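Q: Here's a structure for you.
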Amino acid sequence: MDIGQKIAKSVGLDRNLFKGWPSQFRINKYNFTSKSLGSSGVQIHTDNGFLTILHDDECVGGLEVMNKKGEFVAVDPWPGTLLLNLGDVAKVWSNGRFHNVQHRVQCKEAAIRVSIATFLLGPIEEAVEAPPELVDREHPRLYIPFGYEDYRKLRLSNNMRAGEALDLVRAPISSNSA
Ligand SMILES: O=C(O)CCC(=O)C(=O)O
Ligand SMILES: [Fe+2]
């Protein structure tokens with residue numbers, strides 16, 4: 001069973017709804033020196049797509065994720081593990097059930113740091129929207145359906161990289177119905 005299917009199952013859907021969604025692969029290399037200590041390697045952001053599978057540096061820490069209280073919590077290196085986090089598309093797709101976690105990378109030691117990220121982005125042909133099973137009277141649709149590429153551009157043009165752009169695609173209260 002693949003990760004997409006497991007995620008769909010976690011919200012009661014027994015089919016893989018992510019078939020054909022594109023993915024992206026990125027290697028991040030941080031040349032941290034003594035001068036960059038305490039500064040940011042990657043500013044606070046959310047990932048714009050659905051899911052990120054991160055093979056973080058096994059020796060050099062720096063990744064921090066925001067907890068519910070709004071505090072950053074360090075994710076220390078853990079050799080042999082992968083880290084999964086969900087992005088903006090996951091929040092929309094799940095109709096608010098999944099959390100698009102804010103995170104950043106801080107320079108904590110003068111060393112080269114490498115992370116390898118695989119992103120499951122969003123649908124290309126269809127709109128980003130919650131499947132009908134996740135929308136009902138108790139869970140009105142929170143976001144208007146939109147194109148993934150349009151959303152990506154919206155984030156960039158408004159310099160909203162930490163999930164704030166989702167406020168621009170919120171469904172109006174009056175049309176909050178299944
Ligand atoms: O390098 C890391 O640990 C995180 C990188 C990251 O957040 C990203 O590529 O979106
Ligand atoms: Fe990220």
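Identifiers in the structure tokens: chain A, B, ... in order shown; residue index from 1 per chain; ligand index from 1 in order shown.
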Leaving out Leu51 in chain A and any residue of its chain fewer than 4 positions from it, which residues lie within 8 Å of it when counting only C-alpha atoms, given as a ChimeraX atom specification?
A: /A:47,84-87,90,119-121
Q: So that I can check the secondary structure, give me every residue of chain A assigned strand (DSSP E or B) by backbone DSSP, as a CSV table (one decimal) with all heavy atoms, in the first residue's frame.
A:
```csv
chain,number,residue,atom,x,y,z
A,23,SER,N,5.1,14.9,-9.0
A,23,SER,CA,6.0,15.0,-7.9
A,23,SER,C,7.3,15.8,-8.3
A,23,SER,O,7.6,15.9,-9.5
A,23,SER,CB,6.3,13.7,-7.2
A,23,SER,OG,6.9,12.9,-8.2
A,24,GLN,N,8.0,16.2,-7.3
A,24,GLN,CA,9.2,17.0,-7.6
A,24,GLN,C,10.2,16.5,-6.6
A,24,GLN,O,9.9,16.2,-5.5
A,24,GLN,CB,8.9,18.5,-7.3
A,24,GLN,CG,9.9,19.5,-7.8
A,24,GLN,CD,9.5,20.9,-7.4
A,24,GLN,OE1,8.8,21.1,-6.4
A,24,GLN,NE2,10.0,21.8,-8.1
A,25,PHE,N,11.5,16.5,-7.1
A,25,PHE,CA,12.6,16.0,-6.3
A,25,PHE,C,13.6,17.2,-6.1
A,25,PHE,O,13.9,17.9,-7.1
A,25,PHE,CB,13.2,14.9,-7.0
A,25,PHE,CG,14.4,14.2,-6.4
A,25,PHE,CD1,14.2,13.4,-5.3
A,25,PHE,CD2,15.7,14.4,-6.8
A,25,PHE,CE1,15.2,12.8,-4.6
A,25,PHE,CE2,16.7,13.8,-6.2
A,25,PHE,CZ,16.5,13.0,-5.1
A,26,ARG,N,14.0,17.4,-4.9
A,26,ARG,CA,15.0,18.5,-4.7
A,26,ARG,C,16.0,18.2,-3.7
A,26,ARG,O,15.7,17.5,-2.6
A,26,ARG,CB,14.2,19.8,-4.2
A,26,ARG,CG,15.1,21.0,-4.1
A,26,ARG,CD,14.3,22.3,-4.0
A,26,ARG,NE,13.7,22.4,-2.7
A,26,ARG,CZ,12.6,23.0,-2.5
A,26,ARG,NH1,11.8,23.4,-3.5
A,26,ARG,NH2,12.1,23.1,-1.3
A,27,ILE,N,17.3,18.5,-4.0
A,27,ILE,CA,18.3,18.4,-3.0
A,27,ILE,C,18.7,19.7,-2.5
A,27,ILE,O,18.9,20.6,-3.3
A,27,ILE,CB,19.6,17.7,-3.6
A,27,ILE,CG1,19.2,16.3,-4.1
A,27,ILE,CG2,20.7,17.6,-2.6
A,27,ILE,CD1,20.3,15.6,-4.8
A,28,ASN,N,18.6,19.9,-1.2
A,28,ASN,CA,19.0,21.2,-0.6
A,28,ASN,C,20.4,21.1,0.0
A,28,ASN,O,20.6,20.1,0.8
A,28,ASN,CB,18.0,21.6,0.6
A,28,ASN,CG,16.6,21.7,0.1
A,28,ASN,OD1,16.2,22.4,-0.8
A,28,ASN,ND2,15.7,20.9,0.7
A,29,LYS,N,21.2,22.0,-0.3
A,29,LYS,CA,22.6,22.0,0.2
A,29,LYS,C,22.8,23.3,0.9
A,29,LYS,O,22.6,24.4,0.3
A,29,LYS,CB,23.6,21.7,-0.8
A,29,LYS,CG,25.0,21.6,-0.3
A,29,LYS,CD,26.0,21.3,-1.4
A,29,LYS,CE,27.4,21.2,-0.8
A,29,LYS,NZ,28.4,21.4,-1.8
A,30,TYR,N,23.2,23.3,2.2
A,30,TYR,CA,23.4,24.5,3.0
A,30,TYR,C,24.9,24.5,3.3
A,30,TYR,O,25.4,23.6,4.0
A,30,TYR,CB,22.6,24.5,4.3
A,30,TYR,CG,21.1,24.2,4.1
A,30,TYR,CD1,20.7,22.8,4.0
A,30,TYR,CD2,20.2,25.2,4.0
A,30,TYR,CE1,19.3,22.5,3.9
A,30,TYR,CE2,18.8,24.9,3.8
A,30,TYR,CZ,18.4,23.6,3.8
A,30,TYR,OH,17.1,23.3,3.6
A,31,ASN,N,25.5,25.6,2.8
A,31,ASN,CA,27.0,25.8,3.2
A,31,ASN,C,27.1,26.6,4.4
A,31,ASN,O,27.4,27.8,4.4
A,31,ASN,CB,27.7,26.4,2.0
A,31,ASN,CG,27.8,25.5,0.8
A,31,ASN,OD1,28.2,24.4,0.9
A,31,ASN,ND2,27.3,26.0,-0.3
A,40,SER,N,19.1,32.1,9.3
A,40,SER,CA,18.1,31.2,8.7
A,40,SER,C,18.7,30.6,7.4
A,40,SER,O,19.2,31.3,6.6
A,40,SER,CB,16.9,32.0,8.5
A,40,SER,OG,15.8,31.1,8.2
A,41,GLY,N,18.6,29.2,7.3
A,41,GLY,CA,19.0,28.6,6.1
A,41,GLY,C,17.8,28.6,5.1
A,41,GLY,O,17.9,28.8,3.9
A,42,VAL,N,16.6,28.3,5.7
A,42,VAL,CA,15.4,28.4,4.9
A,42,VAL,C,14.4,29.1,5.8
A,42,VAL,O,14.2,28.7,7.0
A,42,VAL,CB,14.8,27.0,4.5
A,42,VAL,CG1,13.4,27.2,3.8
A,42,VAL,CG2,15.7,26.3,3.6
A,43,GLN,N,13.8,30.2,5.3
A,43,GLN,CA,12.8,31.0,6.1
A,43,GLN,C,11.6,30.1,6.4
A,43,GLN,O,11.3,29.2,5.7
A,43,GLN,CB,12.4,32.2,5.3
A,43,GLN,CG,13.5,33.1,4.8
A,43,GLN,CD,13.8,34.2,5.9
A,43,GLN,OE1,13.2,34.2,6.9
A,43,GLN,NE2,14.8,35.0,5.6
A,44,ILE,N,10.9,30.6,7.4
A,44,ILE,CA,9.6,29.9,7.8
A,44,ILE,C,8.7,29.8,6.5
A,44,ILE,O,8.5,30.8,5.8
A,44,ILE,CB,8.9,30.7,8.9
A,44,ILE,CG1,7.6,30.1,9.3
A,44,ILE,CG2,8.8,32.1,8.7
A,44,ILE,CD1,7.0,30.5,10.6
A,45,HIS,N,8.2,28.6,6.3
A,45,HIS,CA,7.3,28.4,5.2
A,45,HIS,C,6.4,27.1,5.4
A,45,HIS,O,6.7,26.4,6.4
A,45,HIS,CB,8.1,28.2,3.9
A,45,HIS,CG,8.9,26.9,3.9
A,45,HIS,ND1,10.1,26.8,4.5
A,45,HIS,CD2,8.7,25.7,3.2
A,45,HIS,CE1,10.6,25.6,4.3
A,45,HIS,NE2,9.8,24.9,3.5
A,51,LEU,N,2.2,16.6,0.0
A,51,LEU,CA,3.0,15.8,0.9
A,51,LEU,C,4.5,16.0,0.6
A,51,LEU,O,4.9,16.0,-0.6
A,51,LEU,CB,2.6,14.3,0.8
A,51,LEU,CG,3.5,13.3,1.4
A,51,LEU,CD1,3.2,13.2,2.9
A,51,LEU,CD2,3.2,11.9,0.8
A,52,THR,N,5.3,16.0,1.6
A,52,THR,CA,6.8,16.1,1.5
A,52,THR,C,7.4,14.9,2.2
A,52,THR,O,7.1,14.7,3.4
A,52,THR,CB,7.4,17.4,2.0
A,52,THR,OG1,6.7,18.5,1.4
A,52,THR,CG2,8.8,17.5,1.8
A,53,ILE,N,8.2,14.2,1.5
A,53,ILE,CA,9.0,13.1,2.1
A,53,ILE,C,10.4,13.6,2.2
A,53,ILE,O,11.1,13.9,1.1
A,53,ILE,CB,8.9,11.8,1.3
A,53,ILE,CG1,7.4,11.4,1.1
A,53,ILE,CG2,9.7,10.7,2.0
A,53,ILE,CD1,7.2,10.2,0.2
A,54,LEU,N,10.9,13.8,3.4
A,54,LEU,CA,12.2,14.5,3.6
A,54,LEU,C,13.2,13.5,4.1
A,54,LEU,O,13.0,12.9,5.2
A,54,LEU,CB,12.0,15.6,4.5
A,54,LEU,CG,13.2,16.6,4.7
A,54,LEU,CD1,13.4,17.4,3.4
A,54,LEU,CD2,13.0,17.5,5.8
A,55,HIS,N,14.3,13.3,3.4
A,55,HIS,CA,15.4,12.6,3.9
A,55,HIS,C,16.4,13.7,4.4
A,55,HIS,O,17.2,14.3,3.7
A,55,HIS,CB,16.1,11.7,2.9
A,55,HIS,CG,17.2,10.9,3.4
A,55,HIS,ND1,17.8,9.9,2.6
A,55,HIS,CD2,17.8,10.8,4.6
A,55,HIS,CE1,18.7,9.3,3.3
A,55,HIS,NE2,18.8,9.9,4.5
A,63,LEU,N,16.6,21.7,11.2
A,63,LEU,CA,15.1,21.8,10.9
A,63,LEU,C,14.3,22.0,12.1
A,63,LEU,O,14.5,21.4,13.2
A,63,LEU,CB,14.7,20.4,10.2
A,63,LEU,CG,13.2,20.3,9.9
A,63,LEU,CD1,12.8,21.4,8.8
A,63,LEU,CD2,12.9,18.9,9.4
A,64,GLU,N,13.4,22.9,12.0
A,64,GLU,CA,12.4,23.2,13.2
A,64,GLU,C,11.0,23.3,12.6
A,64,GLU,O,10.8,23.9,11.6
A,64,GLU,CB,12.8,24.6,13.8
A,64,GLU,CG,14.2,24.6,14.4
A,64,GLU,CD,14.5,25.9,15.1
A,64,GLU,OE1,13.8,26.9,14.9
A,64,GLU,OE2,15.5,25.9,15.9
A,65,VAL,N,10.1,22.7,13.4
A,65,VAL,CA,8.7,22.7,13.0
A,65,VAL,C,7.9,23.4,14.0
A,65,VAL,O,8.3,23.4,15.2
A,65,VAL,CB,8.1,21.3,12.7
A,65,VAL,CG1,8.8,20.6,11.6
A,65,VAL,CG2,8.1,20.5,14.0
A,66,MET,N,6.8,24.1,13.6
A,66,MET,CA,6.0,24.9,14.6
A,66,MET,C,5.0,24.0,15.2
A,66,MET,O,4.3,23.3,14.5
A,66,MET,CB,5.4,26.0,13.9
A,66,MET,CG,4.9,27.0,14.9
A,66,MET,SD,4.1,28.4,14.1
A,66,MET,CE,5.5,29.5,13.9
A,72,PHE,N,8.7,27.0,17.8
A,72,PHE,CA,9.4,26.1,17.0
A,72,PHE,C,10.1,25.0,17.8
A,72,PHE,O,10.6,25.2,18.9
A,72,PHE,CB,10.5,26.9,16.2
A,72,PHE,CG,10.0,27.5,15.0
A,72,PHE,CD1,9.9,28.9,14.9
A,72,PHE,CD2,9.6,26.8,13.9
A,72,PHE,CE1,9.4,29.5,13.8
A,72,PHE,CE2,9.1,27.4,12.7
A,72,PHE,CZ,9.0,28.7,12.7
A,73,VAL,N,10.0,23.8,17.3
A,73,VAL,CA,10.5,22.6,17.9
A,73,VAL,C,11.6,22.0,17.0
A,73,VAL,O,11.3,21.8,15.8
A,73,VAL,CB,9.4,21.6,18.2
A,73,VAL,CG1,10.0,20.3,18.8
A,73,VAL,CG2,8.3,22.2,19.0
A,74,ALA,N,12.8,21.8,17.5
A,74,ALA,CA,13.8,21.2,16.7
A,74,ALA,C,13.6,19.8,16.3
A,74,ALA,O,13.1,19.0,17.2
A,74,ALA,CB,15.2,21.3,17.4
A,83,LEU,N,11.2,11.8,7.1
A,83,LEU,CA,10.2,12.7,7.8
A,83,LEU,C,9.2,13.1,6.8
A,83,LEU,O,9.5,13.5,5.7
A,83,LEU,CB,11.0,14.0,8.3
A,83,LEU,CG,10.1,14.9,9.1
A,83,LEU,CD1,10.2,14.6,10.5
A,83,LEU,CD2,10.4,16.3,8.8
A,84,LEU,N,7.9,12.9,7.2
A,84,LEU,CA,6.8,13.3,6.3
A,84,LEU,C,6.1,14.5,6.8
A,84,LEU,O,5.8,14.6,8.0
A,84,LEU,CB,5.8,12.1,6.2
A,84,LEU,CG,6.0,11.1,5.1
A,84,LEU,CD1,7.3,10.4,5.2
A,84,LEU,CD2,4.8,10.2,5.0
A,85,ASN,N,5.9,15.5,6.0
A,85,ASN,CA,5.0,16.6,6.4
A,85,ASN,C,4.0,17.0,5.3
A,85,ASN,O,4.3,16.7,4.1
A,85,ASN,CB,5.8,17.8,6.9
A,85,ASN,CG,6.6,18.5,5.8
A,85,ASN,OD1,7.7,18.2,5.5
A,85,ASN,ND2,5.9,19.5,5.2
A,86,LEU,N,2.9,17.6,5.7
A,86,LEU,CA,1.9,17.9,4.8
A,86,LEU,C,1.9,19.4,4.5
A,86,LEU,O,2.3,20.2,5.3
A,86,LEU,CB,0.5,17.5,5.4
A,86,LEU,CG,0.4,16.0,5.6
A,86,LEU,CD1,-0.8,15.7,6.5
A,86,LEU,CD2,0.2,15.2,4.3
A,103,HIS,N,7.5,25.4,8.9
A,103,HIS,CA,8.8,24.9,9.3
A,103,HIS,C,9.9,25.8,8.7
A,103,HIS,O,9.6,26.7,7.9
A,103,HIS,CB,9.1,23.4,8.9
A,103,HIS,CG,8.8,23.1,7.5
A,103,HIS,ND1,7.5,23.1,6.9
A,103,HIS,CD2,9.6,22.9,6.4
A,103,HIS,CE1,7.6,22.8,5.6
A,103,HIS,NE2,8.9,22.7,5.3
A,104,ARG,N,11.1,25.6,9.2
A,104,ARG,CA,12.2,26.5,8.8
A,104,ARG,C,13.5,25.7,9.0
A,104,ARG,O,13.5,24.6,9.7
A,104,ARG,CB,12.3,27.8,9.5
A,104,ARG,CG,12.6,27.7,11.0
A,104,ARG,CD,12.6,29.0,11.7
A,104,ARG,NE,12.9,28.9,13.1
A,104,ARG,CZ,12.9,29.9,14.0
A,104,ARG,NH1,12.6,31.1,13.6
A,104,ARG,NH2,13.3,29.6,15.2
A,105,VAL,N,14.6,26.2,8.5
A,105,VAL,CA,15.9,25.6,8.8
A,105,VAL,C,16.8,26.7,9.3
A,105,VAL,O,17.0,27.7,8.7
A,105,VAL,CB,16.5,24.9,7.5
A,105,VAL,CG1,17.9,24.4,7.8
A,105,VAL,CG2,15.6,23.9,6.9
A,106,GLN,N,17.4,26.4,10.5
A,106,GLN,CA,18.3,27.4,11.2
A,106,GLN,C,19.7,26.8,11.1
A,106,GLN,O,19.9,25.6,11.2
A,106,GLN,CB,17.9,27.5,12.7
A,106,GLN,CG,16.6,28.2,12.9
A,106,GLN,CD,16.6,29.7,12.5
A,106,GLN,OE1,16.1,30.0,11.4
A,106,GLN,NE2,17.2,30.6,13.3
A,112,ILE,N,28.5,21.6,6.3
A,112,ILE,CA,27.6,21.5,5.1
A,112,ILE,C,26.4,20.6,5.5
A,112,ILE,O,26.6,19.5,6.2
A,112,ILE,CB,28.4,20.9,4.0
A,112,ILE,CG1,29.4,22.0,3.4
A,112,ILE,CG2,27.5,20.4,2.9
A,112,ILE,CD1,30.3,21.6,2.3
A,113,ARG,N,25.3,21.0,5.2
A,113,ARG,CA,24.1,20.2,5.5
A,113,ARG,C,23.3,19.9,4.2
A,113,ARG,O,23.2,20.8,3.4
A,113,ARG,CB,23.2,21.1,6.4
A,113,ARG,CG,21.9,20.5,6.8
A,113,ARG,CD,21.1,21.4,7.8
A,113,ARG,NE,20.0,20.7,8.4
A,113,ARG,CZ,18.8,20.5,7.7
A,113,ARG,NH1,18.6,20.9,6.5
A,113,ARG,NH2,17.9,19.8,8.3
A,114,VAL,N,22.9,18.7,4.1
A,114,VAL,CA,22.2,18.3,2.9
A,114,VAL,C,20.9,17.6,3.2
A,114,VAL,O,20.9,16.8,4.1
A,114,VAL,CB,23.1,17.3,2.1
A,114,VAL,CG1,22.3,16.8,0.8
A,114,VAL,CG2,24.4,18.0,1.6
A,115,SER,N,19.8,18.0,2.6
A,115,SER,CA,18.6,17.3,2.7
A,115,SER,C,18.0,17.0,1.4
A,115,SER,O,18.3,17.7,0.4
A,115,SER,CB,17.6,18.1,3.6
A,115,SER,OG,17.2,19.2,2.8
A,116,ILE,N,17.3,15.9,1.3
A,116,ILE,CA,16.7,15.4,0.0
A,116,ILE,C,15.2,15.4,0.2
A,116,ILE,O,14.7,14.6,1.1
A,116,ILE,CB,17.3,14.0,-0.3
A,116,ILE,CG1,18.8,14.0,-0.4
A,116,ILE,CG2,16.7,13.5,-1.7
A,116,ILE,CD1,19.4,12.7,-0.3
A,117,ALA,N,14.5,16.1,-0.7
A,117,ALA,CA,13.1,16.2,-0.5
A,117,ALA,C,12.3,15.7,-1.7
A,117,ALA,O,12.7,16.0,-2.9
A,117,ALA,CB,12.7,17.7,-0.2
A,118,THR,N,11.3,14.9,-1.5
A,118,THR,CA,10.4,14.5,-2.6
A,118,THR,C,9.0,15.1,-2.3
A,118,THR,O,8.5,14.9,-1.2
A,118,THR,CB,10.3,13.0,-2.8
A,118,THR,OG1,11.7,12.5,-3.0
A,118,THR,CG2,9.5,12.6,-4.0
A,119,PHE,N,8.5,15.9,-3.2
A,119,PHE,CA,7.2,16.5,-3.0
A,119,PHE,C,6.1,15.9,-3.8
A,119,PHE,O,6.3,15.8,-5.1
A,119,PHE,CB,7.3,18.0,-3.4
A,119,PHE,CG,8.4,18.8,-2.6
A,119,PHE,CD1,9.6,18.9,-3.1
A,119,PHE,CD2,8.1,19.4,-1.4
A,119,PHE,CE1,10.6,19.6,-2.5
A,119,PHE,CE2,9.0,20.1,-0.7
A,119,PHE,CZ,10.3,20.3,-1.3
A,120,LEU,N,5.0,15.5,-3.2
A,120,LEU,CA,3.9,15.2,-4.0
A,120,LEU,C,3.1,16.5,-4.1
A,120,LEU,O,2.7,17.0,-3.0
A,120,LEU,CB,3.0,14.1,-3.3
A,120,LEU,CG,1.7,13.7,-4.0
A,120,LEU,CD1,1.8,13.1,-5.4
A,120,LEU,CD2,0.9,12.8,-3.1
A,128,VAL,N,-7.8,21.6,-7.2
A,128,VAL,CA,-7.5,21.2,-5.8
A,128,VAL,C,-8.7,21.4,-5.0
A,128,VAL,O,-9.2,22.6,-5.0
A,128,VAL,CB,-6.3,22.0,-5.2
A,128,VAL,CG1,-6.1,21.7,-3.8
A,128,VAL,CG2,-5.1,21.9,-6.1
A,143,TYR,N,-12.6,25.8,1.3
A,143,TYR,CA,-11.9,26.5,0.3
A,143,TYR,C,-12.5,26.4,-1.1
A,143,TYR,O,-13.1,25.3,-1.4
A,143,TYR,CB,-10.4,26.0,0.2
A,143,TYR,CG,-9.7,26.1,1.5
A,143,TYR,CD1,-9.6,25.1,2.4
A,143,TYR,CD2,-9.1,27.3,1.9
A,143,TYR,CE1,-9.0,25.2,3.6
A,143,TYR,CE2,-8.5,27.5,3.1
A,143,TYR,CZ,-8.4,26.4,4.0
A,143,TYR,OH,-7.8,26.6,5.2
A,146,PHE,N,-9.5,25.3,-6.8
A,146,PHE,CA,-8.5,26.2,-7.5
A,146,PHE,C,-7.5,25.3,-8.2
A,146,PHE,O,-7.3,24.1,-7.8
A,146,PHE,CB,-7.8,27.2,-6.6
A,146,PHE,CG,-7.1,26.6,-5.4
A,146,PHE,CD1,-5.8,26.1,-5.5
A,146,PHE,CD2,-7.8,26.6,-4.2
A,146,PHE,CE1,-5.2,25.5,-4.4
A,146,PHE,CE2,-7.1,26.0,-3.1
A,146,PHE,CZ,-5.8,25.5,-3.2
A,170,ARG,N,-10.3,31.0,0.6
A,170,ARG,CA,-11.3,30.6,1.5
A,170,ARG,C,-12.7,30.7,0.9
A,170,ARG,O,-13.0,31.7,0.2
A,170,ARG,CB,-11.3,31.5,2.7
A,170,ARG,CG,-10.5,30.9,3.8
A,170,ARG,CD,-10.7,31.5,5.2
A,170,ARG,NE,-9.7,30.9,6.0
A,170,ARG,CZ,-9.9,29.7,6.6
A,170,ARG,NH1,-11.0,29.0,6.4
A,170,ARG,NH2,-8.9,29.2,7.4
```
Q: So which residues touch Gly20 in chain A within 8 Å, counting only C-alpha atoms, skipping near sequence neighbours fewer than 2 positions away, as JSON, numbers by chain?
A: {"A": [18, 22, 123]}
Q: Residues at most 9 Å from Cys59 in chain A, counting only C-alpha atoms, excluding those fewer than 5 positions away in the same chain, as an NGL selection string?
A: :A and (76-79 or 113)
Q: Name the residues in contact with range 153-155 of chain A at a cut-off of 12 Å, using only C-alpha atoms, excluding same-chain residues fewer than 2 positions from it; report them as a list in words.
A: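 Using only C-alpha atoms, the neighbours found are His45, Thr46, Asp47, Asn48, Gly49, Asp88, Phe146, Gly147, Tyr148, Glu149, Asp150, Tyr151, Ser157, Asn158, Asn159, Met160, Arg161, Ala162, Gly163, Glu164, Ala165, Leu166, Asp167, Leu168 and Val169 of chain A.
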Q: Give the answer as one residue: which of A:Val92, A:Leu17, A:Val60, A:Cys107 has the shortest atom-to-atom distance to Ala130 in chain A, using only C-alpha atoms?
A: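 For Ala130 in chain A, the nearest of the candidates is A:Val92.
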Q: Using backbone DSSP assignments, extract all alpha helix (DSSP H) residues from range 46-164 of chain A; output them as a list of chain:residue names.
A: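 Result set for range 46-164 of chain A (alpha helix (DSSP H)): A:Asp88, A:Val89, A:Ala90, A:Lys91, A:Val92, A:Trp93, A:Tyr148, A:Glu149, A:Asp150, A:Tyr151, A:Arg152, A:Lys153, A:Leu154, A:Arg155, A:Leu156, A:Ser157.
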Q: Would you write out those residues with C-alpha atoms, as an mmCIF file, in the first residue's frame?
A:
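Written output follows (selection.cif):
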```
data_model
loop_
_atom_site.group_PDB
_atom_site.id
_atom_site.type_symbol
_atom_site.label_atom_id
_atom_site.label_comp_id
_atom_site.auth_asym_id
_atom_site.auth_seq_id
_atom_site.Cartn_x
_atom_site.Cartn_y
_atom_site.Cartn_z
ATOM 1 C CA ASP A 88 -1.206 23.587 1.811
ATOM 2 C CA VAL A 89 -2.835 21.279 -0.752
ATOM 3 C CA ALA A 90 -3.309 18.656 1.989
ATOM 4 C CA LYS A 91 -5.133 21.169 4.153
ATOM 5 C CA VAL A 92 -7.506 22.035 1.309
ATOM 6 C CA TRP A 93 -7.936 18.445 0.106
ATOM 7 C CA TYR A 148 -2.526 23.991 -8.211
ATOM 8 C CA GLU A 149 -0.368 26.027 -10.559
ATOM 9 C CA ASP A 150 -2.498 29.151 -9.999
ATOM 10 C CA TYR A 151 -2.145 28.680 -6.248
ATOM 11 C CA ARG A 152 1.611 28.271 -6.514
ATOM 12 C CA LYS A 153 1.805 31.563 -8.426
ATOM 13 C CA LEU A 154 -0.521 33.263 -5.938
ATOM 14 C CA ARG A 155 1.863 32.344 -3.111
ATOM 15 C CA LEU A 156 4.846 33.653 -4.984
ATOM 16 C CA SER A 157 3.320 36.896 -6.271
#
```
Q: Compare A:Asn100, A:Arg15, A:Gly70, A:Ser94 by their minimum atom-to-atom distance to Glu129 in chain A, counting only C-alpha atoms, and give me the closest one.
A: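 For Glu129 in chain A, the nearest of the candidates is A:Ser94.
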Q: For CA of Glu125 in chain A and CA of Ile3 in chain A, determine how far apart the two atoms are, in Å to one decimal place.
A: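 We find that CA of Glu125 in chain A and CA of Ile3 in chain A lie 21.3 Å from each other.
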Q: Please indicate the distance in Å from CA of Ala110 in chain A to CA of Gly80 in chain A, rounded to one decimal place.
A: 22.9 Å
Q: So what do you get for CA of Gly12 in chain A versus CA of Ile124 in chain A, distance-wise?
A: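 Computing it gives 24.0 Å between the two atoms.
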Q: Can you work out which one of A:Val75, A:Val101, A:Gly96, A:Glu126 has the shortest atom-to-atom distance to ligand 2, counting only C-alpha atoms and all ligand atoms?
A: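 Nearest to ligand 2: A:Val101.
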